[in-house]
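> Quick one, protein-v4.cif (mmCIF, C-alpha atoms; chains and numbers go by the auth columns):
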```
data_structure
loop_
_atom_site.group_PDB
_atom_site.id
_atom_site.type_symbol
_atom_site.label_atom_id
_atom_site.label_comp_id
_atom_site.label_asym_id
_atom_site.label_seq_id
_atom_site.Cartn_x
_atom_site.Cartn_y
_atom_site.Cartn_z
_atom_site.B_iso_or_equiv
_atom_site.auth_seq_id
_atom_site.auth_asym_id
ATOM 1 C CA MET A 1 0.000 0.000 0.000 0.00 1215 A
ATOM 2 C CA ARG A 2 1.453 3.396 -0.964 0.00 1216 A
ATOM 3 C CA ARG A 3 1.550 5.816 1.930 0.00 1217 A
ATOM 4 C CA ILE A 4 1.304 8.971 -0.192 0.00 1218 A
ATOM 5 C CA THR A 5 -1.418 8.677 -2.763 0.00 1219 A
ATOM 6 C CA ARG A 6 -3.755 10.601 -5.035 0.00 1220 A
ATOM 7 C CA ALA A 7 -6.361 7.863 -4.628 0.00 1221 A
ATOM 8 C CA ARG A 8 -9.226 7.867 -2.161 0.00 1222 A
ATOM 9 C CA LEU A 9 -8.069 6.615 1.263 0.00 1223 A
ATOM 10 C CA ASN A 10 -9.308 3.355 2.749 0.00 1224 A
ATOM 11 C CA PRO A 11 -9.123 3.641 6.567 0.00 1225 A
ATOM 12 C CA ALA A 12 -10.684 0.183 7.045 0.00 1226 A
ATOM 13 C CA ALA A 13 -7.885 -1.395 5.026 0.00 1227 A
ATOM 14 C CA LEU A 14 -5.279 0.354 7.215 0.00 1228 A
ATOM 15 C CA ALA A 15 -6.967 -0.924 10.384 0.00 1229 A
ATOM 16 C CA ALA A 16 -7.115 -4.427 8.930 0.00 1230 A
ATOM 17 C CA ALA A 17 -3.422 -4.250 8.016 0.00 1231 A
ATOM 18 C CA VAL A 18 -2.377 -3.699 11.651 0.00 1232 A
ATOM 19 C CA SER A 19 -4.909 -6.034 13.265 0.00 1233 A
ATOM 20 C CA SER A 20 -4.022 -9.442 14.642 0.00 1234 A
ATOM 21 C CA PRO A 21 -5.489 -11.882 17.197 0.00 1235 A
ATOM 22 C CA ARG A 22 -2.843 -10.700 19.704 0.00 1236 A
ATOM 23 C CA ARG A 23 -3.894 -7.051 19.427 0.00 1237 A
ATOM 24 C CA GLY A 24 -7.091 -6.281 21.294 0.00 1238 A
ATOM 25 C CA ALA A 25 -7.110 -2.529 20.596 0.00 1239 A
ATOM 26 C CA VAL A 26 -7.107 -0.799 17.223 0.00 1240 A
ATOM 27 C CA ALA A 27 -7.113 3.016 17.361 0.00 1241 A
ATOM 28 C CA SER A 28 -7.697 4.907 14.147 0.00 1242 A
ATOM 29 C CA PHE A 29 -7.848 8.516 13.021 0.00 1243 A
ATOM 30 C CA VAL A 30 -9.252 9.999 9.851 0.00 1244 A
ATOM 31 C CA GLY A 31 -8.626 13.642 8.970 0.00 1245 A
ATOM 32 C CA VAL A 32 -11.349 15.080 6.739 0.00 1246 A
ATOM 33 C CA VAL A 33 -11.616 18.322 4.758 0.00 1247 A
ATOM 34 C CA ARG A 34 -14.050 20.560 6.623 0.00 1248 A
ATOM 35 C CA ALA A 35 -16.423 23.132 5.180 0.00 1249 A
ATOM 36 C CA PHE A 36 -15.429 26.132 7.316 0.00 1250 A
ATOM 37 C CA HIS A 37 -12.131 27.556 8.494 0.00 1251 A
ATOM 38 C CA ALA A 38 -11.542 30.838 10.294 0.00 1252 A
ATOM 39 C CA GLY A 39 -15.030 31.998 9.355 0.00 1253 A
ATOM 40 C CA ARG A 40 -14.662 31.265 5.644 0.00 1254 A
ATOM 41 C CA ARG A 41 -16.624 28.754 3.611 0.00 1255 A
ATOM 42 C CA VAL A 42 -14.217 26.170 2.199 0.00 1256 A
ATOM 43 C CA VAL A 43 -15.030 24.262 -0.984 0.00 1257 A
ATOM 44 C CA GLY A 44 -11.899 22.127 -1.038 0.00 1258 A
ATOM 45 C CA ILE A 45 -8.183 21.846 -0.335 0.00 1259 A
ATOM 46 C CA ALA A 46 -5.321 21.329 -2.773 0.00 1260 A
ATOM 47 C CA TYR A 47 -2.617 19.204 -1.107 0.00 1261 A
ATOM 48 C CA ASP A 48 0.904 19.744 -2.458 0.00 1262 A
ATOM 49 C CA CYS A 49 3.647 17.280 -1.521 0.00 1263 A
ATOM 50 C CA PHE A 50 7.362 16.571 -2.027 0.00 1264 A
ATOM 51 C CA THR A 51 6.552 12.911 -2.472 0.00 1265 A
ATOM 52 C CA PRO A 52 9.977 11.208 -2.261 0.00 1266 A
ATOM 53 C CA LEU A 53 10.773 12.775 1.109 0.00 1267 A
ATOM 54 C CA ALA A 54 7.185 12.407 2.342 0.00 1268 A
ATOM 55 C CA GLU A 55 7.291 8.642 1.701 0.00 1269 A
ATOM 56 C CA THR A 56 10.621 8.374 3.528 0.00 1270 A
ATOM 57 C CA GLU A 57 9.509 10.569 6.422 0.00 1271 A
ATOM 58 C CA LEU A 58 6.190 8.780 6.936 0.00 1272 A
ATOM 59 C CA ALA A 59 7.997 5.436 7.022 0.00 1273 A
ATOM 60 C CA ARG A 60 10.366 6.890 9.658 0.00 1274 A
ATOM 61 C CA ILE A 61 7.458 8.141 11.759 0.00 1275 A
ATOM 62 C CA LEU A 62 5.783 4.733 11.701 0.00 1276 A
ATOM 63 C CA ARG A 63 9.034 2.959 12.606 0.00 1277 A
ATOM 64 C CA ARG A 64 9.579 5.344 15.525 0.00 1278 A
ATOM 65 C CA ALA A 65 6.027 4.773 16.781 0.00 1279 A
ATOM 66 C CA GLU A 66 6.604 1.023 16.685 0.00 1280 A
ATOM 67 C CA LYS A 67 9.778 1.508 18.759 0.00 1281 A
ATOM 68 C CA LYS A 68 8.144 3.824 21.303 0.00 1282 A
ATOM 69 C CA TRP A 69 5.099 1.611 21.899 0.00 1283 A
ATOM 70 C CA PRO A 70 4.303 -2.082 21.418 0.00 1284 A
ATOM 71 C CA VAL A 71 2.105 -1.351 18.397 0.00 1285 A
ATOM 72 C CA ALA A 72 1.747 -2.090 14.728 0.00 1286 A
ATOM 73 C CA ALA A 73 1.129 1.162 12.854 0.00 1287 A
ATOM 74 C CA ALA A 74 0.062 2.218 9.380 0.00 1288 A
ATOM 75 C CA ALA A 75 -0.800 5.568 7.789 0.00 1289 A
ATOM 76 C CA ALA A 76 -1.639 7.100 4.433 0.00 1290 A
ATOM 77 C CA HIS A 77 -1.861 10.718 3.258 0.00 1291 A
ATOM 78 C CA ARG A 78 -3.830 11.768 0.221 0.00 1292 A
ATOM 79 C CA VAL A 79 -2.560 14.550 -2.058 0.00 1293 A
ATOM 80 C CA GLY A 80 -4.070 16.493 -4.952 0.00 1294 A
ATOM 81 C CA GLU A 81 -7.456 18.201 -5.044 0.00 1295 A
ATOM 82 C CA LEU A 82 -9.836 17.136 -2.269 0.00 1296 A
ATOM 83 C CA ARG A 83 -13.403 18.251 -1.710 0.00 1297 A
ATOM 84 C CA VAL A 84 -15.170 18.902 1.579 0.00 1298 A
ATOM 85 C CA GLY A 85 -15.870 15.609 3.353 0.00 1299 A
ATOM 86 C CA GLU A 86 -13.023 13.690 1.725 0.00 1300 A
ATOM 87 C CA ALA A 87 -10.355 12.053 3.891 0.00 1301 A
ATOM 88 C CA SER A 88 -6.848 13.502 3.693 0.00 1302 A
ATOM 89 C CA LEU A 89 -5.086 11.478 6.394 0.00 1303 A
ATOM 90 C CA ALA A 90 -5.723 8.025 7.823 0.00 1304 A
ATOM 91 C CA VAL A 91 -3.780 6.459 10.685 0.00 1305 A
ATOM 92 C CA ALA A 92 -4.211 3.123 12.465 0.00 1306 A
ATOM 93 C CA ALA A 93 -2.321 1.735 15.461 0.00 1307 A
ATOM 94 C CA ALA A 94 -3.002 -1.636 17.040 0.00 1308 A
ATOM 95 C CA SER A 95 -1.755 -2.977 20.353 0.00 1309 A
ATOM 96 C CA ALA A 96 -2.657 -5.526 22.995 0.00 1310 A
ATOM 97 C CA HIS A 97 -4.263 -2.775 25.091 0.00 1311 A
ATOM 98 C CA ARG A 98 -5.889 0.577 24.350 0.00 1312 A
ATOM 99 C CA PRO A 99 -3.526 3.067 26.098 0.00 1313 A
ATOM 100 C CA GLN A 100 -0.649 2.231 23.775 0.00 1314 A
ATOM 101 C CA ALA A 101 -2.881 2.174 20.698 0.00 1315 A
ATOM 102 C CA PHE A 102 -4.410 5.600 21.482 0.00 1316 A
ATOM 103 C CA ALA A 103 -1.038 7.126 22.370 0.00 1317 A
ATOM 104 C CA ALA A 104 0.694 5.867 19.250 0.00 1318 A
ATOM 105 C CA CYS A 105 -2.149 6.902 16.950 0.00 1319 A
ATOM 106 C CA ARG A 106 -2.207 10.439 18.327 0.00 1320 A
ATOM 107 C CA TRP A 107 1.585 10.753 18.237 0.00 1321 A
ATOM 108 C CA ILE A 108 1.673 9.697 14.586 0.00 1322 A
ATOM 109 C CA VAL A 109 -0.964 12.301 13.658 0.00 1323 A
ATOM 110 C CA GLU A 110 0.988 15.061 15.407 0.00 1324 A
ATOM 111 C CA GLN A 111 4.267 14.005 13.785 0.00 1325 A
ATOM 112 C CA VAL A 112 2.638 13.975 10.348 0.00 1326 A
ATOM 113 C CA LYS A 113 1.462 17.544 10.871 0.00 1327 A
ATOM 114 C CA ARG A 114 4.911 18.701 12.002 0.00 1328 A
ATOM 115 C CA ARG A 115 7.247 16.740 9.764 0.00 1329 A
ATOM 116 C CA LEU A 116 5.640 15.561 6.540 0.00 1330 A
ATOM 117 C CA PRO A 117 6.498 17.789 3.540 0.00 1331 A
ATOM 118 C CA VAL A 118 2.873 18.483 2.683 0.00 1332 A
ATOM 119 C CA TRP A 119 1.171 21.848 2.140 0.00 1333 A
ATOM 120 C CA LYS A 120 -2.472 22.720 1.794 0.00 1334 A
ATOM 121 C CA LYS A 121 -4.118 25.505 -0.127 0.00 1335 A
ATOM 122 C CA GLU A 122 -7.682 26.117 0.917 0.00 1336 A
ATOM 123 C CA ARG A 123 -10.114 27.074 -1.797 0.00 1337 A
ATOM 124 C CA TYR A 124 -13.023 29.286 -0.815 0.00 1338 A
ATOM 125 C CA VAL A 125 -16.440 30.055 -2.228 0.00 1339 A
ATOM 126 C CA GLY A 126 -15.902 32.678 -4.931 0.00 1340 A
ATOM 127 C CA GLY A 127 -12.629 31.206 -6.144 0.00 1341 A
ATOM 128 C CA ALA A 128 -10.078 32.715 -3.761 0.00 1342 A
ATOM 129 C CA GLY A 129 -7.438 30.468 -2.204 0.00 1343 A
ATOM 130 C CA ARG A 130 -4.798 30.631 0.521 0.00 1344 A
ATOM 131 C CA TRP A 131 -1.776 28.542 1.521 0.00 1345 A
ATOM 132 C CA LEU A 132 -2.114 27.693 5.196 0.00 1346 A
ATOM 133 C CA PRO A 133 0.701 28.476 7.651 0.00 1347 A
ATOM 134 C CA GLY A 134 2.616 25.577 9.174 0.00 1348 A
ATOM 135 C CA CYS A 135 5.669 24.267 11.011 0.00 1349 A
ATOM 136 C CA ALA A 136 9.185 25.005 9.754 0.00 1350 A
ATOM 137 C CA LEU A 137 11.157 21.843 8.975 0.00 1351 A
ATOM 138 C CA HIS A 138 14.466 21.062 10.662 0.00 1352 A
ATOM 139 C CA ARG A 139 16.565 17.970 10.265 0.00 1353 A
ATOM 140 C CA ALA A 140 16.049 15.582 13.142 0.00 1354 A
ATOM 141 C CA ARG A 141 19.226 15.145 15.209 0.00 1355 A
ATOM 142 C CA ALA A 142 18.974 11.395 15.381 0.00 1356 A
ATOM 143 C CA ARG A 143 17.336 9.059 12.955 0.00 1357 A
ATOM 144 C CA PRO A 144 15.825 5.724 13.927 0.00 1358 A
ATOM 145 C CA MET B 1 27.405 23.609 -10.472 0.00 1031 B
ATOM 146 C CA LYS B 2 23.958 23.856 -11.990 0.00 1032 B
ATOM 147 C CA ARG B 3 21.207 22.509 -9.726 0.00 1033 B
ATOM 148 C CA LYS B 4 17.465 22.440 -10.168 0.00 1034 B
ATOM 149 C CA ILE B 5 15.419 23.216 -7.089 0.00 1035 B
ATOM 150 C CA HIS B 6 11.778 22.202 -6.977 0.00 1036 B
ATOM 151 C CA LEU B 7 9.394 24.642 -5.334 0.00 1037 B
ATOM 152 C CA TYR B 8 6.455 23.656 -3.149 0.00 1038 B
ATOM 153 C CA GLY B 9 3.552 25.205 -1.297 0.00 1039 B
ATOM 154 C CA ARG B 10 3.501 29.012 -1.260 0.00 1040 B
ATOM 155 C CA LEU B 11 6.736 29.103 -3.313 0.00 1041 B
ATOM 156 C CA ARG B 12 4.710 27.884 -6.290 0.00 1042 B
ATOM 157 C CA ASP B 13 3.004 31.284 -6.311 0.00 1043 B
ATOM 158 C CA ALA B 14 6.302 33.187 -6.598 0.00 1044 B
ATOM 159 C CA GLY B 15 6.029 33.433 -10.372 0.00 1045 B
ATOM 160 C CA LEU B 16 8.924 31.026 -11.035 0.00 1046 B
ATOM 161 C CA GLY B 17 6.835 27.950 -11.809 0.00 1047 B
ATOM 162 C CA SER B 18 7.470 24.656 -10.038 0.00 1048 B
ATOM 163 C CA CYS B 19 11.244 24.545 -10.525 0.00 1049 B
ATOM 164 C CA VAL B 20 14.174 26.946 -10.748 0.00 1050 B
ATOM 165 C CA SER B 21 17.704 26.352 -12.005 0.00 1051 B
ATOM 166 C CA LEU B 22 20.524 27.858 -9.920 0.00 1052 B
ATOM 167 C CA ASP B 23 24.228 28.221 -10.599 0.00 1053 B
ATOM 168 C CA LEU B 24 25.880 27.304 -7.289 0.00 1054 B
ATOM 169 C CA PRO B 25 29.551 27.329 -6.312 0.00 1055 B
ATOM 170 C CA PRO B 26 31.232 23.909 -5.971 0.00 1056 B
ATOM 171 C CA ARG B 27 30.586 22.379 -2.532 0.00 1057 B
ATOM 172 C CA ALA B 28 27.855 24.937 -1.873 0.00 1058 B
ATOM 173 C CA THR B 29 25.965 24.649 1.406 0.00 1059 B
ATOM 174 C CA ALA B 30 22.204 24.619 1.859 0.00 1060 B
ATOM 175 C CA ARG B 31 22.500 28.136 3.287 0.00 1061 B
ATOM 176 C CA GLN B 32 24.222 29.343 0.101 0.00 1062 B
ATOM 177 C CA ALA B 33 21.632 27.635 -2.084 0.00 1063 B
ATOM 178 C CA LEU B 34 18.778 29.310 -0.217 0.00 1064 B
ATOM 179 C CA ALA B 35 20.570 32.662 -0.501 0.00 1065 B
ATOM 180 C CA ALA B 36 20.884 32.147 -4.263 0.00 1066 B
ATOM 181 C CA LEU B 37 17.193 31.293 -4.441 0.00 1067 B
ATOM 182 C CA LYS B 38 16.352 34.424 -2.445 0.00 1068 B
ATOM 183 C CA ALA B 39 18.265 36.503 -4.964 0.00 1069 B
ATOM 184 C CA VAL B 40 16.226 34.995 -7.798 0.00 1070 B
ATOM 185 C CA LEU B 41 12.992 35.700 -5.921 0.00 1071 B
ATOM 186 C CA GLY B 42 13.904 39.378 -5.653 0.00 1072 B
ATOM 187 C CA GLY B 43 11.092 41.340 -4.024 0.00 1073 B
ATOM 188 C CA ARG B 44 9.345 38.125 -3.080 0.00 1074 B
ATOM 189 C CA GLY B 45 12.287 36.863 -1.019 0.00 1075 B
ATOM 190 C CA ALA B 46 10.185 36.986 2.142 0.00 1076 B
ATOM 191 C CA LEU B 47 8.432 33.865 0.848 0.00 1077 B
ATOM 192 C CA LEU B 48 11.569 31.965 1.902 0.00 1078 B
ATOM 193 C CA SER B 49 11.035 32.790 5.582 0.00 1079 B
ATOM 194 C CA GLY B 50 11.051 29.500 7.509 0.00 1080 B
ATOM 195 C CA CYS B 51 11.936 27.473 4.401 0.00 1081 B
ATOM 196 C CA ALA B 52 14.375 24.555 4.371 0.00 1082 B
ATOM 197 C CA LEU B 53 16.296 22.839 1.602 0.00 1083 B
ATOM 198 C CA ALA B 54 15.807 19.085 1.285 0.00 1084 B
ATOM 199 C CA SER B 55 16.912 16.105 -0.744 0.00 1085 B
ATOM 200 C CA ALA B 56 14.669 13.130 -1.427 0.00 1086 B
ATOM 201 C CA ASP B 57 16.002 11.525 1.769 0.00 1087 B
ATOM 202 C CA ASP B 58 16.264 14.281 4.328 0.00 1088 B
ATOM 203 C CA VAL B 59 15.966 17.920 5.281 0.00 1089 B
ATOM 204 C CA LEU B 60 19.394 19.571 4.993 0.00 1090 B
ATOM 205 C CA ALA B 61 20.906 21.581 7.822 0.00 1091 B
ATOM 206 C CA ALA B 62 22.082 25.072 6.805 0.00 1092 B
ATOM 207 C CA SER B 63 25.729 23.968 6.892 0.00 1093 B
ATOM 208 C CA ASP B 64 25.191 20.733 4.919 0.00 1094 B
ATOM 209 C CA ARG B 65 26.701 20.487 1.453 0.00 1095 B
ATOM 210 C CA VAL B 66 24.213 20.492 -1.397 0.00 1096 B
ATOM 211 C CA PRO B 67 24.339 17.000 -2.921 0.00 1097 B
ATOM 212 C CA ALA B 68 25.668 16.989 -6.478 0.00 1098 B
ATOM 213 C CA ARG B 69 22.908 14.682 -7.716 0.00 1099 B
ATOM 214 C CA GLY B 70 19.307 13.809 -6.960 0.00 1100 B
ATOM 215 C CA ALA B 71 16.164 15.786 -6.299 0.00 1101 B
ATOM 216 C CA LEU B 72 16.422 19.053 -4.370 0.00 1102 B
ATOM 217 C CA ALA B 73 13.488 21.020 -3.035 0.00 1103 B
ATOM 218 C CA ALA B 74 12.789 24.247 -1.175 0.00 1104 B
ATOM 219 C CA LEU B 75 10.207 23.474 1.491 0.00 1105 B
ATOM 220 C CA PRO B 76 8.070 26.105 3.231 0.00 1106 B
ATOM 221 C CA PRO B 77 6.684 25.375 6.720 0.00 1107 B
ATOM 222 C CA VAL B 78 4.540 22.249 6.437 0.00 1108 B
ATOM 223 C CA CYS B 79 0.891 21.695 7.319 0.00 1109 B
ATOM 224 C CA GLY B 80 -0.148 18.189 6.376 0.00 1110 B
ATOM 225 C CA GLY B 81 -3.078 16.242 7.745 0.00 1111 B
#
```
The structure in this file should be written as structure tokens.

Amino acid sequence: MRRITRARLNPAALAAAVSSPRRGAVASFVGVVRAFHAGRRVVGIAYDCFTPLAETELARILRRAEKKWPVAAAAAHRVGELRVGEASLAVAAASAHRPQAFAACRWIVEQVKRRLPVWKKERYVGGAGRWLPGCALHRARARP
Amino acid sequence: MKRKIHLYGRLRDAGLGSCVSLDLPPRATARQALAALKAVLGGRGALLSGCALASADDVLAASDRVPARGALAALPPVCGG
């Protein structure tokens, strides 16, 4: 399964990929394009991405999550033009017990927002658009 | 050395398209490459605030040498998800 894709995401497939009879907790997150932001009516978001680094970085994030917690983790980020209601990010983390699954799932989402080379341009009713502000990238001091 | 730098996010609206070709000194650092890009951007140089230079494998520190081969990109602050 490609982690960075222009295709519609399949969160159920991600959850299935990390599930096993030994894992009694599967936590998942789906980020969806919403219709309003900062008082403006949004019609969609264009996701731009430096794909080679994004693939590498997302793999690193998942590996680090699997070292920090006893979990199996998977994630996918959609890029290109998305409409309101479409999923942009899906994450799944499975563990024997729920605390580790919840913690890992949330950590992965936060890392994706801070480290993945992805940018979004909101498109508003009337045709205007705006690149959203974000987190400056710095090279991590130690790699897993 | 001639190096192409791919532009992403808000840098795509700088009027340079999706890629710019820069003439960099041999063994140039990421800092020097970003300075050269700023010069090309002219009055829109502020768009580079918070930007980093990256290869396909990693974000480069300011003092890192620009690799002689492979993809290079100027990356504004990110906001995935």
> Please report as JSON lines every residue of chain B lying within 9 Å of chain A, along with the nearest atom pair and their distance in Å (one decimal), using all atoms listed in the file.

```
{"residue": "B:His1036", "atom": "CA", "partner": "A:Phe1264", "partner_atom": "CA", "distance": 8.7}
{"residue": "B:Leu1037", "atom": "CA", "partner": "A:Phe1264", "partner_atom": "CA", "distance": 9.0}
{"residue": "B:Tyr1038", "atom": "CA", "partner": "A:Asp1262", "partner_atom": "CA", "distance": 6.8}
{"residue": "B:Gly1039", "atom": "CA", "partner": "A:Trp1333", "partner_atom": "CA", "distance": 5.4}
{"residue": "B:Arg1040", "atom": "CA", "partner": "A:Trp1345", "partner_atom": "CA", "distance": 6.0}
{"residue": "B:Gly1080", "atom": "CA", "partner": "A:Ala1350", "partner_atom": "CA", "distance": 5.4}
{"residue": "B:Cys1081", "atom": "CA", "partner": "A:Ala1350", "partner_atom": "CA", "distance": 6.5}
{"residue": "B:Ala1082", "atom": "CA", "partner": "A:Leu1351", "partner_atom": "CA", "distance": 6.2}
{"residue": "B:Ala1084", "atom": "CA", "partner": "A:Leu1267", "partner_atom": "CA", "distance": 8.1}
{"residue": "B:Ser1085", "atom": "CA", "partner": "A:Leu1267", "partner_atom": "CA", "distance": 7.2}
{"residue": "B:Ala1086", "atom": "CA", "partner": "A:Leu1267", "partner_atom": "CA", "distance": 4.7}
{"residue": "B:Asp1087", "atom": "CA", "partner": "A:Leu1267", "partner_atom": "CA", "distance": 5.4}
{"residue": "B:Asp1088", "atom": "CA", "partner": "A:Leu1267", "partner_atom": "CA", "distance": 6.5}
{"residue": "B:Val1089", "atom": "CA", "partner": "A:Arg1353", "partner_atom": "CA", "distance": 5.0}
{"residue": "B:Leu1090", "atom": "CA", "partner": "A:Arg1353", "partner_atom": "CA", "distance": 6.2}
{"residue": "B:Ala1091", "atom": "CA", "partner": "A:Arg1353", "partner_atom": "CA", "distance": 6.2}
{"residue": "B:Ala1101", "atom": "CA", "partner": "A:Pro1266", "partner_atom": "CA", "distance": 8.7}
{"residue": "B:Ala1103", "atom": "CA", "partner": "A:Phe1264", "partner_atom": "CA", "distance": 7.6}
{"residue": "B:Leu1105", "atom": "CA", "partner": "A:Pro1331", "partner_atom": "CA", "distance": 7.1}
{"residue": "B:Pro1106", "atom": "CA", "partner": "A:Ala1350", "partner_atom": "CA", "distance": 6.7}
{"residue": "B:Pro1107", "atom": "CA", "partner": "A:Ala1350", "partner_atom": "CA", "distance": 3.9}
{"residue": "B:Val1108", "atom": "CA", "partner": "A:Gly1348", "partner_atom": "CA", "distance": 4.7}
{"residue": "B:Cys1109", "atom": "CA", "partner": "A:Gly1348", "partner_atom": "CA", "distance": 4.6}
{"residue": "B:Gly1110", "atom": "CA", "partner": "A:Val1332", "partner_atom": "CA", "distance": 4.8}
{"residue": "B:Gly1111", "atom": "CA", "partner": "A:Leu1303", "partner_atom": "CA", "distance": 5.3}
```
> Please write out, as lines of an AutoDock Vina configuration file, where the centre of an axis-aligned box around all listed atoms of segment 1038-1055 of chain B lies and how long its edges are, in Å to one decimal, after adding 3 Å on each side.

```
center_x = 16.3
center_y = 28.5
center_z = -6.6
size_x = 32.5
size_y = 15.8
size_z = 16.7
```
> Using all atoms listed in the file, pick whichever of B:Ala1076, B:Pro1097, B:Lys1068, B:Gln1062 has the shortest atom-to-atom distance to Val1050 of chain B.
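Looking only at the distances to Val1050 of chain B, the closest residue turns out to be B:Lys1068.
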> Once the PyMOL selection byres ((chain A and resi 1239) around 12) has been applied to the shown file, what residues remain in the selection, as a PyMOL selection string?
chain A and resi 1229-1230+1232-1238+1240-1242+1284-1287+1306-1319
> Any chance you could resolve the PyMOL selection byres ((chain B and resi 1054) around 8) against this file and give the residues as a PyMOL selection string?
chain B and resi 1031-1033+1052-1053+1055-1056+1058+1062-1063+1066
> Evaluate the PyMOL selection byres ((chain B and resi 1074) around 12) and record the selected residues as number ranges by chain, following the chain and residue labels used in the document.
B: 1040-1046, 1067-1073, 1075-1079
> I'd like the interatomic distance between atom CA of Val1298 of chain A and atom CA of Gly1047 of chain B, to a tenth of an Å.
27.3 Å
> What's the separation between atom CA of Pro1225 of chain A and atom CA of Arg1337 of chain A, in Å to one decimal place?
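Interatomic distance here is 24.9 Å.
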> What is the atom CA of Asn1224 of chain A to atom CA of Ile1322 of chain A distance in Å?
17.3 Å
> So, with all atoms listed in the file as the atoms that count, which of B:Cys1049, B:Leu1064, B:Ala1092, B:Ala1098 lies closest to Ile1035 of chain B?
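For Ile1035 of chain B, the nearest of the candidates is B:Cys1049.
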> I'd like the neighbourhood of Val1257 of chain A as a PyMOL selection string, where a residue qualifies if any of its atoms comes within 8 Å (using all atoms listed in the file), though same-chain residues fewer than 3 positions away should be ignored.
chain A and resi 1249+1297-1298+1336-1339
